[in-house]
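Trainee: One structure coming up, written as structure tokens, with questions to follow.
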Amino acid sequence: MQRNQYGNMPPANSPPLHHPVPQHVSTVPQLRSPPPPVPQHQQQSAGYGNPYQPQGGGNAFGAYGGFINDPTAQMGFQVGQTALKHGTEYMEQNFNRYVNVSALKHYFNVSNSYVVNKLFLVLFPWRHKPWSRKQSVGPNGQEGWFLPPRDDLNSPDMYIPLMALVTYILLSTLLAGLRGSFQPELFGYTATWAFFIVAVEILGLKLGCYLLSISNDSQLLDLVAYSGYKFVGVIVTLVVSEVLNHGKGTGGWMGWTVFGYCFAANALFLLRSLKYVLLPENTTDERGTMQTVARSQKSRRTQFLFLYSYPVQLIFMWALTSV
């Protein structure tokens with residue numbers, strides 16, 4: 001009997017293989033790397049909530065985001081602005097009863113070049129000319145008001161006297177500290193003494209102007225400005241004497257020499273400058289008519305001006321430098 005030899009059978013013809021074709025295309029999600037781990041302290045702060053970081057929505061102000069847009073809040077803002085405006089106007093009106101603010105601004109209209117040149121004029125007035133003040137010219141060619149200090153070197157200002165007064169108070173206490181005798185009460189004592197001298201000087205000037213029938217629209221403010229220029233010479237005396245005397249103050253012949261020069265310069269400056277305030281050529285009465293000053297009255301005014309510029313200034317400057 002013969003066996004079938006299966007191993008030697010010819011290969012049968014099998015059908016070709018077909019790969020399945022998907023009927024519906026599915027989108028495979030893109031895999032990304034996981035975010036970095038959050039530190040533990042940030043997890044705790046996130047768990048309790050960070051009060052400085054907005055939670056949730058995009059409103060940076062949270063529950064108070066609509067406060068500004070609230071009609072009640074807007075009405076409150078308008079009421080506050082109106083009250084502030086009326087309060088400012090009320091203060092300005094009451095302040096103008098005692099001080100003319102517009103006229104006061106005229107004395108602070110200065111520039112850097114004016115301040116430097118004015119300080120040089122106060123300390124070296126020997127060859128300065130002219131001393132008359134400049135006036136603006138109107139449309140019809142007539143003279144108007146005086147020009148501000150920015151445009152006229154001979155115009156008085158209050159910036160230099162005010163800064164000189166403050167510098168004098170600070171410098172006096174500084175020198176006292178360098179000598180080992182500083183006390184906090186020196187600020188109040190020095191300021192009171194300086195204001196007292198200025199007040200007595202202005203009262204004396206006003207009394208003399210009243211007795212000599214000297215009237216001017218801006219006379220009081222001019223006198224206040226001119227009374228403060230002495231502090232420039234006082235400051236120079238204190239500083240130079242302290243340096244030359246090696247911390248011994250204004251004593252000795254060096255200190256007296258510096259004091260004498262500053263006093264003479266300040267006296268000549270006041271004598272030339274106040275001539276156009278205390279010695280006007282013509283005066284105007286209440287009805288607006290021009291009146292010529294009599295010779296005897298002009299002589300008394302000249303004596304008053306000399307008395308104020310030299311003996312009075314000598315006493316006041318000595319009192320200020322001896323503090």
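Starting from 1 in every chain, residues are counted up; chains themselves are A, B, ... following the order of the structure tokens, and ligands are numbered from 1 as listed.
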Compile the contact shell of A:Trp318 as a CSV table (one decimal) with N, CA and C atoms, in the first residue's frame: residues with an atom at most 12 Å away, counting only C-alpha atoms, same-chain residues fewer than 6 positions apart removed.
Mentor:
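And here's out.csv as it stands now:
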chain,number,residue,atom,x,y,z
A,197,ILE,N,12.5,141.2,64.2
A,197,ILE,CA,13.3,142.3,63.6
A,197,ILE,C,12.6,142.8,62.3
A,230,LYS,N,18.8,142.4,53.7
A,230,LYS,CA,19.9,142.4,54.7
A,230,LYS,C,20.4,141.0,55.1
A,231,PHE,N,19.5,140.0,55.0
A,231,PHE,CA,19.9,138.7,55.4
A,231,PHE,C,21.0,138.1,54.4
A,233,GLY,N,23.6,139.9,53.3
A,233,GLY,CA,24.9,140.3,53.9
A,233,GLY,C,25.1,139.6,55.3
A,234,VAL,N,24.1,139.3,56.0
A,234,VAL,CA,24.3,138.6,57.3
A,234,VAL,C,24.8,137.2,57.1
A,235,ILE,N,24.3,136.5,56.1
A,235,ILE,CA,24.7,135.2,55.8
A,235,ILE,C,26.2,135.2,55.4
A,237,THR,N,28.4,137.4,56.2
A,237,THR,CA,29.2,137.7,57.3
A,237,THR,C,29.4,136.5,58.2
A,238,LEU,N,28.4,135.7,58.5
A,238,LEU,CA,28.5,134.6,59.3
A,238,LEU,C,29.4,133.5,58.7
A,250,THR,N,32.0,135.8,64.8
A,250,THR,CA,32.2,137.0,64.1
A,250,THR,C,33.1,138.0,64.9
A,251,GLY,N,33.7,137.5,66.0
A,251,GLY,CA,34.6,138.4,66.7
A,251,GLY,C,35.9,138.6,66.0
A,255,GLY,N,36.3,139.5,61.5
A,255,GLY,CA,34.8,139.4,61.5
A,255,GLY,C,34.2,140.8,61.4
A,256,TRP,N,34.8,141.8,62.1
A,256,TRP,CA,34.3,143.1,62.0
A,256,TRP,C,34.5,143.8,60.6
A,258,VAL,N,34.6,142.1,57.7
A,258,VAL,CA,33.5,141.5,56.8
A,258,VAL,C,32.2,142.1,57.1
A,259,PHE,N,31.9,142.2,58.4
A,259,PHE,CA,30.6,142.8,58.8
A,259,PHE,C,30.5,144.3,58.2
A,260,GLY,N,31.5,145.0,58.4
A,260,GLY,CA,31.5,146.4,57.9
A,260,GLY,C,31.3,146.5,56.4
A,262,CYS,N,29.8,144.2,54.4
A,262,CYS,CA,28.4,143.8,54.1
A,262,CYS,C,27.4,144.9,54.5
A,263,PHE,N,27.6,145.5,55.6
A,263,PHE,CA,26.7,146.6,56.1
A,263,PHE,C,26.8,147.8,55.1
A,310,TYR,N,21.2,153.6,57.1
A,310,TYR,CA,22.5,153.4,57.8
A,310,TYR,C,22.4,153.1,59.3
A,311,PRO,N,22.0,154.0,60.1
A,311,PRO,CA,21.9,153.6,61.6
A,311,PRO,C,21.0,152.5,61.9
A,312,VAL,N,19.8,152.5,61.3
A,312,VAL,CA,18.8,151.4,61.6
A,312,VAL,C,19.4,150.1,61.1
Trainee: Do a neighbour search on stretch 125-130 of chain A at 9 Å with only C-alpha atoms, toss out local chain neighbours closer than 3 positions, and write the hits as a PyMOL selection string.
Mentor: chain A and resi 120-122+133+154+265-266+268-269
Trainee: Please produce a file of the residues just selected, as a short mmCIF file (atom, residue, chain, number, x, y, z; two decimals), in the first residue's frame, where the atoms kept are N, CA and C atoms.
Mentor:
data_model
loop_
_atom_site.label_atom_id
_atom_site.label_comp_id
_atom_site.auth_asym_id
_atom_site.auth_seq_id
_atom_site.Cartn_x
_atom_site.Cartn_y
_atom_site.Cartn_z
N PHE A 120 24.58 139.48 43.20
CA PHE A 120 25.81 140.23 42.91
C PHE A 120 25.59 141.73 43.13
N LEU A 121 24.38 142.23 42.80
CA LEU A 121 24.09 143.64 42.99
C LEU A 121 24.00 144.00 44.47
N VAL A 122 23.42 143.13 45.28
CA VAL A 122 23.29 143.41 46.71
C VAL A 122 24.66 143.45 47.39
N ARG A 133 13.51 152.00 38.02
CA ARG A 133 12.78 150.81 37.59
C ARG A 133 12.16 151.01 36.22
N ASN A 154 16.32 146.00 38.73
CA ASN A 154 16.08 146.93 39.84
C ASN A 154 14.74 146.71 40.53
N ALA A 265 27.60 147.78 51.93
CA ALA A 265 27.00 147.41 50.64
C ALA A 265 25.48 147.38 50.74
N ASN A 266 24.95 146.82 51.82
CA ASN A 266 23.50 146.77 51.99
C ASN A 266 22.91 148.17 52.17
N LEU A 268 24.10 151.08 50.97
CA LEU A 268 24.08 151.78 49.68
C LEU A 268 23.01 151.21 48.75
N PHE A 269 22.84 149.90 48.80
CA PHE A 269 21.80 149.28 47.97
C PHE A 269 20.42 149.79 48.35
#
Trainee: Mind giving me the straight-line distance from atom CA of A:Ala319 to atom CA of A:Phe196 in Å, one decimal?
Mentor: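 Computed distance, atom CA of A:Ala319 to atom CA of A:Phe196, equals 11.3 Å.
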Trainee: Which of these, A:Val166, A:Leu186, A:Val198, A:Leu221, has the shortest distance to A:Tyr107 once you count only C-alpha atoms?
Mentor: A:Leu221
Trainee: Would you list, as a ChimeraX atom specification, the residues of stretch 67-218 of chain A that end up in helix (DSSP H, G or I) under DSSP run on this structure's backbone?
Mentor: /A:71-95,101-106,112-123,159-178,185-211
Trainee: From the list A:Ile315, A:Val232, A:Ala194, A:Leu223, which residue is nearest A:Lys206 when using only C-alpha atoms?
Mentor: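 Using only C-alpha atoms, A:Lys206 sits closest to A:Leu223.
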Trainee: Please provide as a list in words all residues within 10 Å of A:Tyr229, with the sequence filter that same-chain residues fewer than 5 positions apart are discarded (counting only C-alpha atoms).
Mentor: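 Residues near the query, excluding close chain neighbours: Lys118, Leu119, Val122, Leu123, Pro156, Asp157, Met158, Ile160, Pro161, Leu162, Ala164, Leu165, Val224, Val234, Asn266, Phe269 and Leu270 of chain A.
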Trainee: Based on the selection just made, write all heavy atoms of those residues as a tab-separated table (two decimals), in the first residue's frame.
Mentor:
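again_11.tsv was written with the following content:
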chain	number	residue	atom	x	y	z
A	118	LYS	N	21.03	139.62	40.92
A	118	LYS	CA	20.55	140.39	42.07
A	118	LYS	C	21.44	140.18	43.29
A	118	LYS	O	21.74	141.14	44.03
A	118	LYS	CB	19.11	139.98	42.38
A	118	LYS	CG	18.41	140.92	43.36
A	118	LYS	CD	18.07	142.24	42.69
A	118	LYS	CE	17.18	143.09	43.57
A	118	LYS	NZ	16.72	144.30	42.87
A	119	LEU	N	21.87	138.96	43.52
A	119	LEU	CA	22.78	138.71	44.63
A	119	LEU	C	24.10	139.46	44.43
A	119	LEU	O	24.67	140.01	45.39
A	119	LEU	CB	23.04	137.20	44.75
A	119	LEU	CG	21.86	136.35	45.23
A	119	LEU	CD1	22.24	134.88	45.19
A	119	LEU	CD2	21.42	136.75	46.62
A	122	VAL	N	23.42	143.13	45.28
A	122	VAL	CA	23.29	143.41	46.71
A	122	VAL	C	24.66	143.45	47.39
A	122	VAL	O	24.91	144.28	48.28
A	122	VAL	CB	22.38	142.35	47.37
A	122	VAL	CG1	22.37	142.50	48.89
A	122	VAL	CG2	20.97	142.47	46.84
A	123	LEU	N	25.57	142.59	46.95
A	123	LEU	CA	26.90	142.53	47.57
A	123	LEU	C	27.89	143.50	46.95
A	123	LEU	O	28.86	143.90	47.61
A	123	LEU	CB	27.45	141.10	47.48
A	123	LEU	CG	26.66	140.04	48.24
A	123	LEU	CD1	27.24	138.66	47.98
A	123	LEU	CD2	26.64	140.34	49.73
A	156	PRO	N	12.16	145.01	43.02
A	156	PRO	CA	12.27	144.19	44.24
A	156	PRO	C	11.53	142.87	44.08
A	156	PRO	O	10.52	142.78	43.38
A	156	PRO	CB	11.63	145.06	45.31
A	156	PRO	CG	10.65	145.90	44.57
A	156	PRO	CD	11.26	146.17	43.23
A	157	ASP	N	12.04	141.85	44.73
A	157	ASP	CA	11.40	140.53	44.72
A	157	ASP	C	11.34	140.02	46.14
A	157	ASP	O	11.97	140.56	47.05
A	157	ASP	CB	12.19	139.57	43.83
A	157	ASP	CG	13.52	139.18	44.46
A	157	ASP	OD1	14.46	140.01	44.43
A	157	ASP	OD2	13.63	138.06	44.99
A	158	MET	N	10.56	138.96	46.33
A	158	MET	CA	10.45	138.32	47.64
A	158	MET	C	11.06	136.92	47.66
A	158	MET	O	11.08	136.29	48.72
A	158	MET	CB	8.98	138.23	48.06
A	158	MET	CG	8.37	139.57	48.39
A	158	MET	SD	6.73	139.41	49.12
A	158	MET	CE	6.29	141.14	49.32
A	160	ILE	N	14.34	136.08	46.92
A	160	ILE	CA	15.65	136.14	47.58
A	160	ILE	C	15.51	136.44	49.07
A	160	ILE	O	16.15	135.76	49.89
A	160	ILE	CB	16.55	137.16	46.87
A	160	ILE	CG1	16.88	136.70	45.44
A	160	ILE	CG2	17.84	137.40	47.65
A	160	ILE	CD1	17.72	137.66	44.65
A	161	PRO	N	14.71	137.42	49.50
A	161	PRO	CA	14.56	137.63	50.95
A	161	PRO	C	14.01	136.41	51.69
A	161	PRO	O	14.45	136.10	52.80
A	161	PRO	CB	13.61	138.82	51.03
A	161	PRO	CG	13.81	139.56	49.77
A	161	PRO	CD	14.05	138.51	48.74
A	162	LEU	N	13.04	135.72	51.09
A	162	LEU	CA	12.46	134.55	51.77
A	162	LEU	C	13.49	133.43	51.88
A	162	LEU	O	13.64	132.81	52.95
A	162	LEU	CB	11.23	134.07	51.01
A	162	LEU	CG	10.50	132.87	51.59
A	162	LEU	CD1	10.00	133.18	53.00
A	162	LEU	CD2	9.34	132.46	50.69
A	164	ALA	N	16.71	133.77	51.82
A	164	ALA	CA	17.78	134.22	52.72
A	164	ALA	C	17.35	134.09	54.18
A	164	ALA	O	18.16	133.74	55.04
A	164	ALA	CB	18.15	135.66	52.39
A	165	LEU	N	16.09	134.37	54.47
A	165	LEU	CA	15.59	134.23	55.84
A	165	LEU	C	15.65	132.77	56.30
A	165	LEU	O	16.11	132.48	57.41
A	165	LEU	CB	14.16	134.76	55.92
A	165	LEU	CG	13.44	134.58	57.26
A	165	LEU	CD1	14.16	135.34	58.36
A	165	LEU	CD2	11.99	135.05	57.15
A	224	VAL	N	8.46	145.32	52.39
A	224	VAL	CA	8.71	143.96	52.89
A	224	VAL	C	9.84	143.30	52.11
A	224	VAL	O	10.71	142.63	52.68
A	224	VAL	CB	7.42	143.13	52.81
A	224	VAL	CG1	7.70	141.67	53.13
A	224	VAL	CG2	6.36	143.67	53.77
A	234	VAL	N	24.08	139.34	56.03
A	234	VAL	CA	24.25	138.64	57.32
A	234	VAL	C	24.79	137.24	57.10
A	234	VAL	O	25.68	136.78	57.83
A	234	VAL	CB	22.92	138.63	58.08
A	234	VAL	CG1	23.01	137.73	59.31
A	234	VAL	CG2	22.53	140.03	58.50
A	266	ASN	N	24.95	146.82	51.82
A	266	ASN	CA	23.50	146.77	51.99
A	266	ASN	C	22.91	148.17	52.17
A	266	ASN	O	21.83	148.48	51.65
A	266	ASN	CB	23.16	145.90	53.20
A	266	ASN	CG	21.67	145.80	53.44
A	266	ASN	OD1	20.94	145.13	52.71
A	266	ASN	ND2	21.19	146.46	54.49
A	269	PHE	N	22.84	149.90	48.80
A	269	PHE	CA	21.80	149.28	47.97
A	269	PHE	C	20.42	149.79	48.35
A	269	PHE	O	19.60	150.13	47.48
A	269	PHE	CB	21.88	147.76	48.11
A	269	PHE	CG	20.72	147.03	47.51
A	269	PHE	CD1	20.62	146.85	46.13
A	269	PHE	CD2	19.69	146.53	48.31
A	269	PHE	CE1	19.54	146.19	45.57
A	269	PHE	CE2	18.62	145.87	47.77
A	269	PHE	CZ	18.54	145.69	46.39
A	270	LEU	N	20.12	149.87	49.64
A	270	LEU	CA	18.82	150.37	50.09
A	270	LEU	C	18.67	151.86	49.80
A	270	LEU	O	17.58	152.33	49.44
A	270	LEU	CB	18.64	150.10	51.58
A	270	LEU	CG	18.50	148.63	51.99
A	270	LEU	CD1	18.38	148.51	53.50
A	270	LEU	CD2	17.31	147.98	51.32
Trainee: Write down as a ChimeraX atom specification the residues of stretch 125-322 of chain A whose backbone DSSP state falls under strand (DSSP E).
Mentor: /A:135-137,143-146,282-284,290-292
Trainee: Fewer than 5 positions away in the same chain doesn't count, so skip those; otherwise give me all residues within 12 Å of A:Ser299, counting only C-alpha atoms, as a PyMOL selection string.
Mentor: chain A and resi 212+278-279+293-294+304-306
Trainee: Residues of the last selection are to be written out with N, CA, C and O atoms, as a PDB file, in the first residue's frame.
Mentor:
ATOM      1  N   LEU A 212       5.295 161.261  56.832  1.00  0.00           N
ATOM      2  CA  LEU A 212       5.832 162.065  55.732  1.00  0.00           C
ATOM      3  C   LEU A 212       4.905 162.108  54.531  1.00  0.00           C
ATOM      4  O   LEU A 212       5.303 162.615  53.477  1.00  0.00           O
ATOM      5  N   LEU A 278      10.488 156.038  48.518  1.00  0.00           N
ATOM      6  CA  LEU A 278      10.298 157.010  49.586  1.00  0.00           C
ATOM      7  C   LEU A 278      10.496 158.450  49.122  1.00  0.00           C
ATOM      8  O   LEU A 278      10.088 159.372  49.836  1.00  0.00           O
ATOM      9  N   LEU A 279      11.122 158.653  47.987  1.00  0.00           N
ATOM     10  CA  LEU A 279      11.380 160.001  47.501  1.00  0.00           C
ATOM     11  C   LEU A 279      10.823 160.195  46.101  1.00  0.00           C
ATOM     12  O   LEU A 279      11.565 160.474  45.143  1.00  0.00           O
ATOM     13  N   VAL A 293       6.219 167.689  45.256  1.00  0.00           N
ATOM     14  CA  VAL A 293       6.678 167.617  46.633  1.00  0.00           C
ATOM     15  C   VAL A 293       7.457 168.888  46.955  1.00  0.00           C
ATOM     16  O   VAL A 293       8.330 169.327  46.192  1.00  0.00           O
ATOM     17  N   ALA A 294       7.142 169.499  48.095  1.00  0.00           N
ATOM     18  CA  ALA A 294       7.841 170.707  48.519  1.00  0.00           C
ATOM     19  C   ALA A 294       9.275 170.387  48.905  1.00  0.00           C
ATOM     20  O   ALA A 294       9.619 169.248  49.238  1.00  0.00           O
ATOM     21  N   PHE A 304      14.999 160.844  56.480  1.00  0.00           N
ATOM     22  CA  PHE A 304      14.405 159.582  56.926  1.00  0.00           C
ATOM     23  C   PHE A 304      15.009 158.395  56.177  1.00  0.00           C
ATOM     24  O   PHE A 304      15.296 157.350  56.775  1.00  0.00           O
ATOM     25  N   LEU A 305      15.231 158.539  54.886  1.00  0.00           N
ATOM     26  CA  LEU A 305      15.832 157.469  54.104  1.00  0.00           C
ATOM     27  C   LEU A 305      17.258 157.191  54.549  1.00  0.00           C
ATOM     28  O   LEU A 305      17.664 156.029  54.672  1.00  0.00           O
ATOM     29  N   PHE A 306      18.028 158.223  54.813  1.00  0.00           N
ATOM     30  CA  PHE A 306      19.398 158.028  55.288  1.00  0.00           C
ATOM     31  C   PHE A 306      19.408 157.374  56.664  1.00  0.00           C
ATOM     32  O   PHE A 306      20.225 156.491  56.944  1.00  0.00           O
TER      33      PHE A 306
END
Trainee: So which one's closest to A:Trp131, A:Tyr276, A:Gln78, A:Tyr308, A:His106? Using only C-alpha atoms, please.
Mentor: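 Among A:Tyr276, A:Gln78, A:Tyr308, A:His106, it is A:Tyr276 that comes nearest to A:Trp131.
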Trainee: Counting only C-alpha atoms, which of A:Pro280, A:Leu314, A:Phe77, A:Leu104 gets nearest to A:Ser132?
Mentor: A:Pro280
Trainee: So, counting only C-alpha atoms, which residue among A:Thr321, A:Ser155, A:Ser136, A:Asn112 is closest to A:Leu274?
Mentor: A:Ser155
Trainee: For atom CA of A:Pro149 and atom CA of A:Phe124, quote the distance in Å rounded to one decimal.
Mentor: 18.4 Å
Trainee: For A:Ala103, which of A:Asp222, A:Leu211, A:Ala83, A:Lys275 is the closest residue, counting only C-alpha atoms?
Mentor: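 Nearest to A:Ala103: A:Asp222.
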